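Undergrad: Handing you this structure, nothing more for now.
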Amino acid sequence: MTQNLIRHDHGPDGVVLLTLDDPARSVNTMNPGYVEAMDNVLARLTADLDRVTGIILTSAKETFFAGGDLDTLIKADRAHLTEVAAGIATIKAQLRRLETLGRPVVAALNGSALGGGLELALACHHRIAVADPRIEFGFPEVTLGLLPGGGGVVRTVRLLGLPVALTQVLLKGQRHRPDRALALGLIDELVATPAELITRARQWITDNPQARQPWDTPGYRIPGGSPSTPALAATLPAYPANLRQQLKGAPYPAPHHILCAAVEGAAVDVDTAFTIEGQYFVDLACGQISTNMIQAFFFDLKAASSRGTAPERSGATGRPITRAAVLGAGMMGAGIAYVLAKAGVEVVLKDVSRAAAERGKAYSAKLLDQAVSRGRLTAAKRDAVLARILPTIDPADLAGVQLVIEAVFEDPALKQKVFAEIDGIVEPDSLLASNTSTLPITTLAEGVSRQPDFVGLHFFSPVDKMPLVEVIRGENTSAETVDRALDVVRLIRKTPIVVNDSRGFFTSRVIGTFNQEGVAMLAEGIPPASIEQASSQAGYPAPVLALMDELTLTLPRKIRNETRAAVEADGGTWTTHPADLVIDRMIDEFGRPGRAGGAGFYDYVDGQRSRLWPGLREHFSRPADPSRPADLGQSGADVPFEDLKERMLFIEAIESVKCLDEGVLTSVADANIGSILGIGYPGWTGGVLQYINQYQGGPAGFAARARELAGRYGDRFTPPRLLVALAEEGLRFQ
């Protein structure tokens, strides 16, 4: 079977065509079978070298090569250091043998080459790709907490030079289309069709019989110089400083290790550089953070994205959506109209005034113009997308739509009114969806004549950039409707998670606890700058008080009042949160409702955030108690800085466990990927439930720490019963 992983065809002209084709997988990866097959191929090439004039590597798959073997890497930990080091050393040695065989080697790239695939291509002397805009080249390893360990760092630096390699390829894991890869120098040549690849590769071999890698050529120098080159040496100190500023203290070791491997490797010979790169790779691969990120961004993302695609799904007919309506042309409605139109759907964008509807379409025009100016879209395609959006105030224009997405103000009566208005106009089997972020879908469905066809589609702002959509199943939503909703999410190329109905669902409910915790810290007298720094160092993309300003302080108060009314109507008792008084004072006493109101936790100049409002220290902060131990005074108050970080991470994880226990969440994968892509839970954790799994001591260790936090800061940190049960049984969330 391993022999079939790389087919070996020796032509009469002496050119050996190696075709990558793993029979057990839909893509080629650097799994153990590949390693064995490559070893056999290299041995055969060496034995037959006198009859070999050149070598071509290509693939029988749609992609050239997908990358490393994540099934193996996710299992690596500190106990596997020696094993992982030996494995990556073997792969490096194989690629080094390939590029030093003494025969020209060409990569004929019929599809994407990412990660290990690009490393394999870079070990060839020439790279030819098909000029297909769907194809991508790059090293996304950093997004999985890793670095390119098969020689990718070393070869990229020696090919492009340190500045370009670091900023354009390695540190951010950019994926480049063929034309951009050609301009950068990752690819040497483009052809129009796959049929031309092999022909052109053979010709290059004929024209370059003595080909060798630049770094194996006498007198070779790295473009831009080595770290000791004066001009480069003068700028290198800025790289770690910039990296530190970008990461804001968050625990992401991969960018640091990439920078170290690149700079240190550029100062030595190529083989020593490979050794240095390998050491940094092993440290990452056997660390917990890469395990977390691989679990979330590969396995959990794959599970969420494949939801509802099985042939045995509930019975959805697969009816294509060609015409849709968006009710409400505000920022959310305009964004939804844009992504639908971009996906090829005709969109009727309805609002109560013609001016509002036109403004909604203008939003799409702005985004499309930006894409054209950046070379990502042609003017003709821009016009075609924009022509699909029809702004209107007339309900009759909705005739024939197969999908309706409501995106009006968060008022149940208003939402029910707009659905009643279009009832009988749209197709009788049209999918009906609400973009509500907090209101129960079952309640909203009471105003709809076809409740089984009604579902929640919760988009995130800005819609064009945020990759997640939360699909909410109401009590009467049919299984077919959920499947149809999933089809819509995939049509617009976003990732779906499916949750059951509840006030706030999963994402809004959980992010609310994060926001409240940050404000509760302010109520305790913790300096606001320390709160913001703690949320940044925990890895959140936006500091908590800044995020509150963006959402406006009136929104959580409105949600609080509605939730309290619902709880008390059901006979429950409402518990006041420590954050409530701060929010009320900010709105009522100080007149600072957030960015939209021109003032909040921050001051704003011309609509731009300028500084934390000095009044926060005056009205809420208090000095640290000098009698307390030093570690309890780091924040400026009597709270350890580590507690500040963990309180935010813990409170969201605890609320997520409650969602799982109550049946709001239906899978661990949805919880993890939904928390990262939807509400900014730090990616290094692997998501809310993976954070519990990976905490020191696992769920039991997390539960013990939660009890400690509950004793210090309140009962809201008390571990939920599901977590306690899991901890007692020594199990994990999976």
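Identifiers in this document derive from the order of the structure tokens: chains are assigned A, B, ..., residues are numbered from 1 separately in each chain, and ligands are numbered from 1 in order of occurrence.
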So that I can check the surroundings of Pro32 of chain A, please list as an mmCIF file with N, CA and C atoms, in the first residue's frame every protein, DNA and RNA residue that reaches within 10 Å of it, counting only C-alpha atoms and ignoring chain neighbours fewer than 4 positions away.

TA:
data_model
loop_
_atom_site.group_PDB
_atom_site.id
_atom_site.type_symbol
_atom_site.label_atom_id
_atom_site.label_comp_id
_atom_site.auth_asym_id
_atom_site.auth_seq_id
_atom_site.Cartn_x
_atom_site.Cartn_y
_atom_site.Cartn_z
ATOM 1 N N THR A 2 1.974 1.232 0.785
ATOM 2 C CA THR A 2 2.841 2.405 0.816
ATOM 3 C C THR A 2 3.491 2.649 -0.535
ATOM 4 N N GLU A 36 7.432 6.338 4.609
ATOM 5 C CA GLU A 36 7.972 5.059 4.131
ATOM 6 C C GLU A 36 8.051 5.038 2.614
ATOM 7 N N ALA A 37 7.001 5.551 1.965
ATOM 8 C CA ALA A 37 6.987 5.560 0.504
ATOM 9 C C ALA A 37 8.099 6.444 -0.056
ATOM 10 N N MET A 38 8.318 7.619 0.550
ATOM 11 C CA MET A 38 9.381 8.516 0.089
ATOM 12 C C MET A 38 10.747 7.881 0.285
ATOM 13 N N ASP A 69 0.839 15.524 9.194
ATOM 14 C CA ASP A 69 -0.102 14.517 9.689
ATOM 15 C C ASP A 69 -0.639 14.964 11.049
ATOM 16 N N THR A 72 -1.408 12.512 13.964
ATOM 17 C CA THR A 72 -0.282 12.118 14.809
ATOM 18 C C THR A 72 0.170 13.267 15.703
ATOM 19 N N GLY A 87 11.106 11.802 14.038
ATOM 20 C CA GLY A 87 10.220 11.837 12.886
ATOM 21 C C GLY A 87 10.462 13.030 11.990
#

Undergrad: Write out as a short mmCIF file (atom, residue, chain, number, x, y, z; two decimals) with N, CA and C atoms, in the first residue's frame each polymer residue whose atoms come within 7 Å of Ala201 of chain A, counting only C-alpha atoms; drop sequence neighbours fewer than 5 positions from it.

TA:
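Generated file (selection36.cif):
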data_model
loop_
_atom_site.label_atom_id
_atom_site.label_comp_id
_atom_site.auth_asym_id
_atom_site.auth_seq_id
_atom_site.Cartn_x
_atom_site.Cartn_y
_atom_site.Cartn_z
N ILE A 56 10.06 14.72 -11.67
CA ILE A 56 8.88 15.59 -11.58
C ILE A 56 7.99 15.06 -10.46
N VAL A 106 11.52 19.03 -10.36
CA VAL A 106 10.49 20.04 -10.61
C VAL A 106 9.21 19.64 -9.88
N ALA A 108 5.37 20.00 -10.05
CA ALA A 108 4.27 20.34 -10.96
C ALA A 108 3.01 20.45 -10.12
#

Undergrad: Residues near segment 9-26 of chain A, anyone? I mean within 9 Å using only C-alpha atoms, not counting same-chain ones fewer than 4 positions away, as a VMD selection string.

TA: chain A and resid 1 to 2 4 to 5 33 to 34 41 45 51 to 62 64 to 65 198 202 205

Undergrad: Name the residues of segment 646-729 of chain A that come out as helix (DSSP H, G or I) in a backbone DSSP run; write them as a PyMOL selection string.

TA: chain A and resi 646-661+668-679+683-685+688-694+698-713+715-717+721-729

Undergrad: Taking 5 positions as the minimum chain separation for residues in the same chain, which residues sit within 9 Å of Ala121 of chain A when counting only C-alpha atoms? Answer as a PyMOL selection string.

TA: chain A and resi 57+106-109+113+116+126-127+187

Undergrad: Just list the residues in segment 301-357 of chain A DSSP gives strand (DSSP E) on the backbone, as number ranges by chain.

TA: A: 323-327, 346-350

Undergrad: Could you write out the selected residues, including C-alpha atoms, as a short mmCIF file (atom, residue, chain, number, x, y, z; two decimals), in the first residue's frame?

TA:
data_model
loop_
_atom_site.label_atom_id
_atom_site.label_comp_id
_atom_site.auth_asym_id
_atom_site.auth_seq_id
_atom_site.Cartn_x
_atom_site.Cartn_y
_atom_site.Cartn_z
CA ARG A 323 -33.47 34.55 -4.51
CA ALA A 324 -33.57 35.82 -0.93
CA ALA A 325 -34.96 38.72 1.07
CA VAL A 326 -33.30 40.60 3.93
CA LEU A 327 -35.67 42.59 6.13
CA GLU A 346 -30.37 37.72 -5.86
CA VAL A 347 -31.25 39.75 -2.77
CA VAL A 348 -34.25 41.96 -2.05
CA LEU A 349 -33.10 44.38 0.66
CA LYS A 350 -36.19 45.84 2.32
#

Undergrad: As a ChimeraX atom specification, please: the residues near segment 701-713 of chain A (cut-off 10 Å, only C-alpha atoms, same-chain neighbours under 2 positions excluded).

TA: /A:520-521,524,578,639,643,646-647,650-651,653-654,691-699,715-720,723-724,726-728

Undergrad: Just how far from atom CA of Leu170 of chain A is atom CA of Pro255 of chain A, in Å to one decimal?

TA: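 Here the two named atoms are 8.2 Å from each other.
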
Undergrad: Separation of atom CA of Ile336 of chain A and atom CA of Gly686 of chain A, in Å?

TA: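 Atom CA of Ile336 of chain A sits 28.0 Å away from atom CA of Gly686 of chain A.
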
Undergrad: Which residues, written as number ranges by chain, have at least one atom at most 12 Å from Pro140 of chain A, with only C-alpha atoms counted and residues fewer than 3 positions away on the same chain left out?

TA: A: 66-68, 113-119, 136-137, 143-149, 152, 168-176, 254-255, 293-294, 297-298

Undergrad: Keeping C-alpha atoms for every residue in the selection just given, could you write it to a file as a compact mmCIF listing (two decimals), in the first residue's frame?

TA:
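Wrote out-v4.txt, looks like this:
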# COMPACT_ATOMS: atom_id res chain seq x y z
CA ALA A 66 -2.27 19.07 2.23
CA GLY A 67 0.50 19.19 4.85
CA GLY A 68 1.59 17.46 8.02
CA ALA A 113 0.40 23.24 -1.52
CA LEU A 114 0.09 24.28 2.10
CA GLY A 115 2.39 23.52 5.01
CA GLY A 116 4.23 20.27 4.35
CA GLY A 117 3.09 20.42 0.73
CA LEU A 118 4.90 23.70 0.17
CA GLU A 119 7.92 22.34 2.02
CA GLU A 136 -3.33 28.47 -2.46
CA PHE A 137 0.28 28.35 -1.32
CA THR A 143 -2.42 29.25 13.07
CA LEU A 144 -2.13 25.76 14.55
CA GLY A 145 0.52 26.73 17.08
CA LEU A 146 3.32 25.20 14.98
CA LEU A 147 6.07 26.20 12.55
CA PRO A 148 7.02 24.62 9.21
CA GLY A 149 9.28 21.89 10.55
CA GLY A 152 10.03 25.42 5.42
CA GLN A 168 4.82 37.78 3.95
CA VAL A 169 4.91 34.04 4.56
CA LEU A 170 5.84 32.73 8.00
CA LEU A 171 4.73 34.86 10.95
CA LYS A 172 1.06 35.28 9.97
CA GLY A 173 0.53 32.12 7.95
CA GLN A 174 -0.72 33.95 4.86
CA ARG A 175 -2.17 31.93 2.00
CA HIS A 176 -1.24 33.23 -1.44
CA ALA A 254 4.72 29.79 17.61
CA PRO A 255 5.46 33.29 16.22
CA MET A 293 -5.12 24.86 18.41
CA ILE A 294 -4.99 21.73 16.23
CA PHE A 297 -8.86 24.89 14.11
CA PHE A 298 -8.68 21.53 12.38

Undergrad: What lies within 10 Å of Val345 of chain A using only C-alpha atoms, ignoring chain neighbours under 5 positions off, as a ChimeraX atom specification?

TA: /A:320-325,337-340,385,388-389,491-492

Undergrad: How would the residues just chosen look if you wrote them out with N, CA and C atoms as a PDB file, in the first residue's frame?

TA:
ATOM      1  N   PRO A 320     -31.818  24.677  -4.230  1.00  0.00           N
ATOM      2  CA  PRO A 320     -30.878  25.802  -4.213  1.00  0.00           C
ATOM      3  C   PRO A 320     -31.583  27.113  -3.881  1.00  0.00           C
ATOM      4  N   ILE A 321     -30.881  27.982  -3.182  1.00  0.00           N
ATOM      5  CA  ILE A 321     -31.379  29.321  -2.895  1.00  0.00           C
ATOM      6  C   ILE A 321     -30.861  30.254  -3.979  1.00  0.00           C
ATOM      7  N   THR A 322     -31.756  30.772  -4.797  1.00  0.00           N
ATOM      8  CA  THR A 322     -31.348  31.692  -5.861  1.00  0.00           C
ATOM      9  C   THR A 322     -31.862  33.107  -5.631  1.00  0.00           C
ATOM     10  N   ARG A 323     -32.874  33.234  -4.768  1.00  0.00           N
ATOM     11  CA  ARG A 323     -33.468  34.551  -4.514  1.00  0.00           C
ATOM     12  C   ARG A 323     -33.833  34.632  -3.038  1.00  0.00           C
ATOM     13  N   ALA A 324     -33.361  35.679  -2.372  1.00  0.00           N
ATOM     14  CA  ALA A 324     -33.571  35.825  -0.934  1.00  0.00           C
ATOM     15  C   ALA A 324     -34.014  37.239  -0.607  1.00  0.00           C
ATOM     16  N   ALA A 325     -34.565  37.393   0.590  1.00  0.00           N
ATOM     17  CA  ALA A 325     -34.958  38.717   1.074  1.00  0.00           C
ATOM     18  C   ALA A 325     -34.305  38.959   2.423  1.00  0.00           C
ATOM     19  N   ALA A 337     -26.956  40.936   3.264  1.00  0.00           N
ATOM     20  CA  ALA A 337     -27.255  41.082   1.837  1.00  0.00           C
ATOM     21  C   ALA A 337     -25.983  40.966   1.005  1.00  0.00           C
ATOM     22  N   TYR A 338     -24.918  41.539   1.504  1.00  0.00           N
ATOM     23  CA  TYR A 338     -23.645  41.508   0.781  1.00  0.00           C
ATOM     24  C   TYR A 338     -23.120  40.084   0.610  1.00  0.00           C
ATOM     25  N   VAL A 339     -23.090  39.297   1.695  1.00  0.00           N
ATOM     26  CA  VAL A 339     -22.523  37.947   1.591  1.00  0.00           C
ATOM     27  C   VAL A 339     -23.410  37.044   0.735  1.00  0.00           C
ATOM     28  N   LEU A 340     -24.718  37.276   0.771  1.00  0.00           N
ATOM     29  CA  LEU A 340     -25.610  36.496  -0.091  1.00  0.00           C
ATOM     30  C   LEU A 340     -25.381  36.831  -1.559  1.00  0.00           C
ATOM     31  N   VAL A 385     -22.066  41.599  -8.781  1.00  0.00           N
ATOM     32  CA  VAL A 385     -22.517  41.372  -7.409  1.00  0.00           C
ATOM     33  C   VAL A 385     -23.495  42.460  -6.988  1.00  0.00           C
ATOM     34  N   ARG A 388     -27.114  42.330  -8.087  1.00  0.00           N
ATOM     35  CA  ARG A 388     -27.991  41.326  -7.478  1.00  0.00           C
ATOM     36  C   ARG A 388     -28.775  41.880  -6.285  1.00  0.00           C
ATOM     37  N   ILE A 389     -28.453  43.063  -5.807  1.00  0.00           N
ATOM     38  CA  ILE A 389     -29.113  43.626  -4.625  1.00  0.00           C
ATOM     39  C   ILE A 389     -30.164  44.648  -5.064  1.00  0.00           C
ATOM     40  N   LEU A 491     -23.403  27.922   1.770  1.00  0.00           N
ATOM     41  CA  LEU A 491     -23.468  28.662   0.510  1.00  0.00           C
ATOM     42  C   LEU A 491     -22.677  29.961   0.605  1.00  0.00           C
ATOM     43  N   ILE A 492     -22.761  30.634   1.744  1.00  0.00           N
ATOM     44  CA  ILE A 492     -22.045  31.898   1.917  1.00  0.00           C
ATOM     45  C   ILE A 492     -20.659  31.686   2.524  1.00  0.00           C
TER      46      ILE A 492
END

Undergrad: Separation of atom CA of Ser478 of chain A and atom CA of Gln734 of chain A, in Å?

TA: 26.6 Å

Undergrad: May I ask which of the residues A:Ala329, A:Val567, A:Val268, A:Leu553 is the closest one to Arg592 of chain A, counting only C-alpha atoms?

TA: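 That would be A:Leu553, the residue with the smallest distance to Arg592 of chain A.
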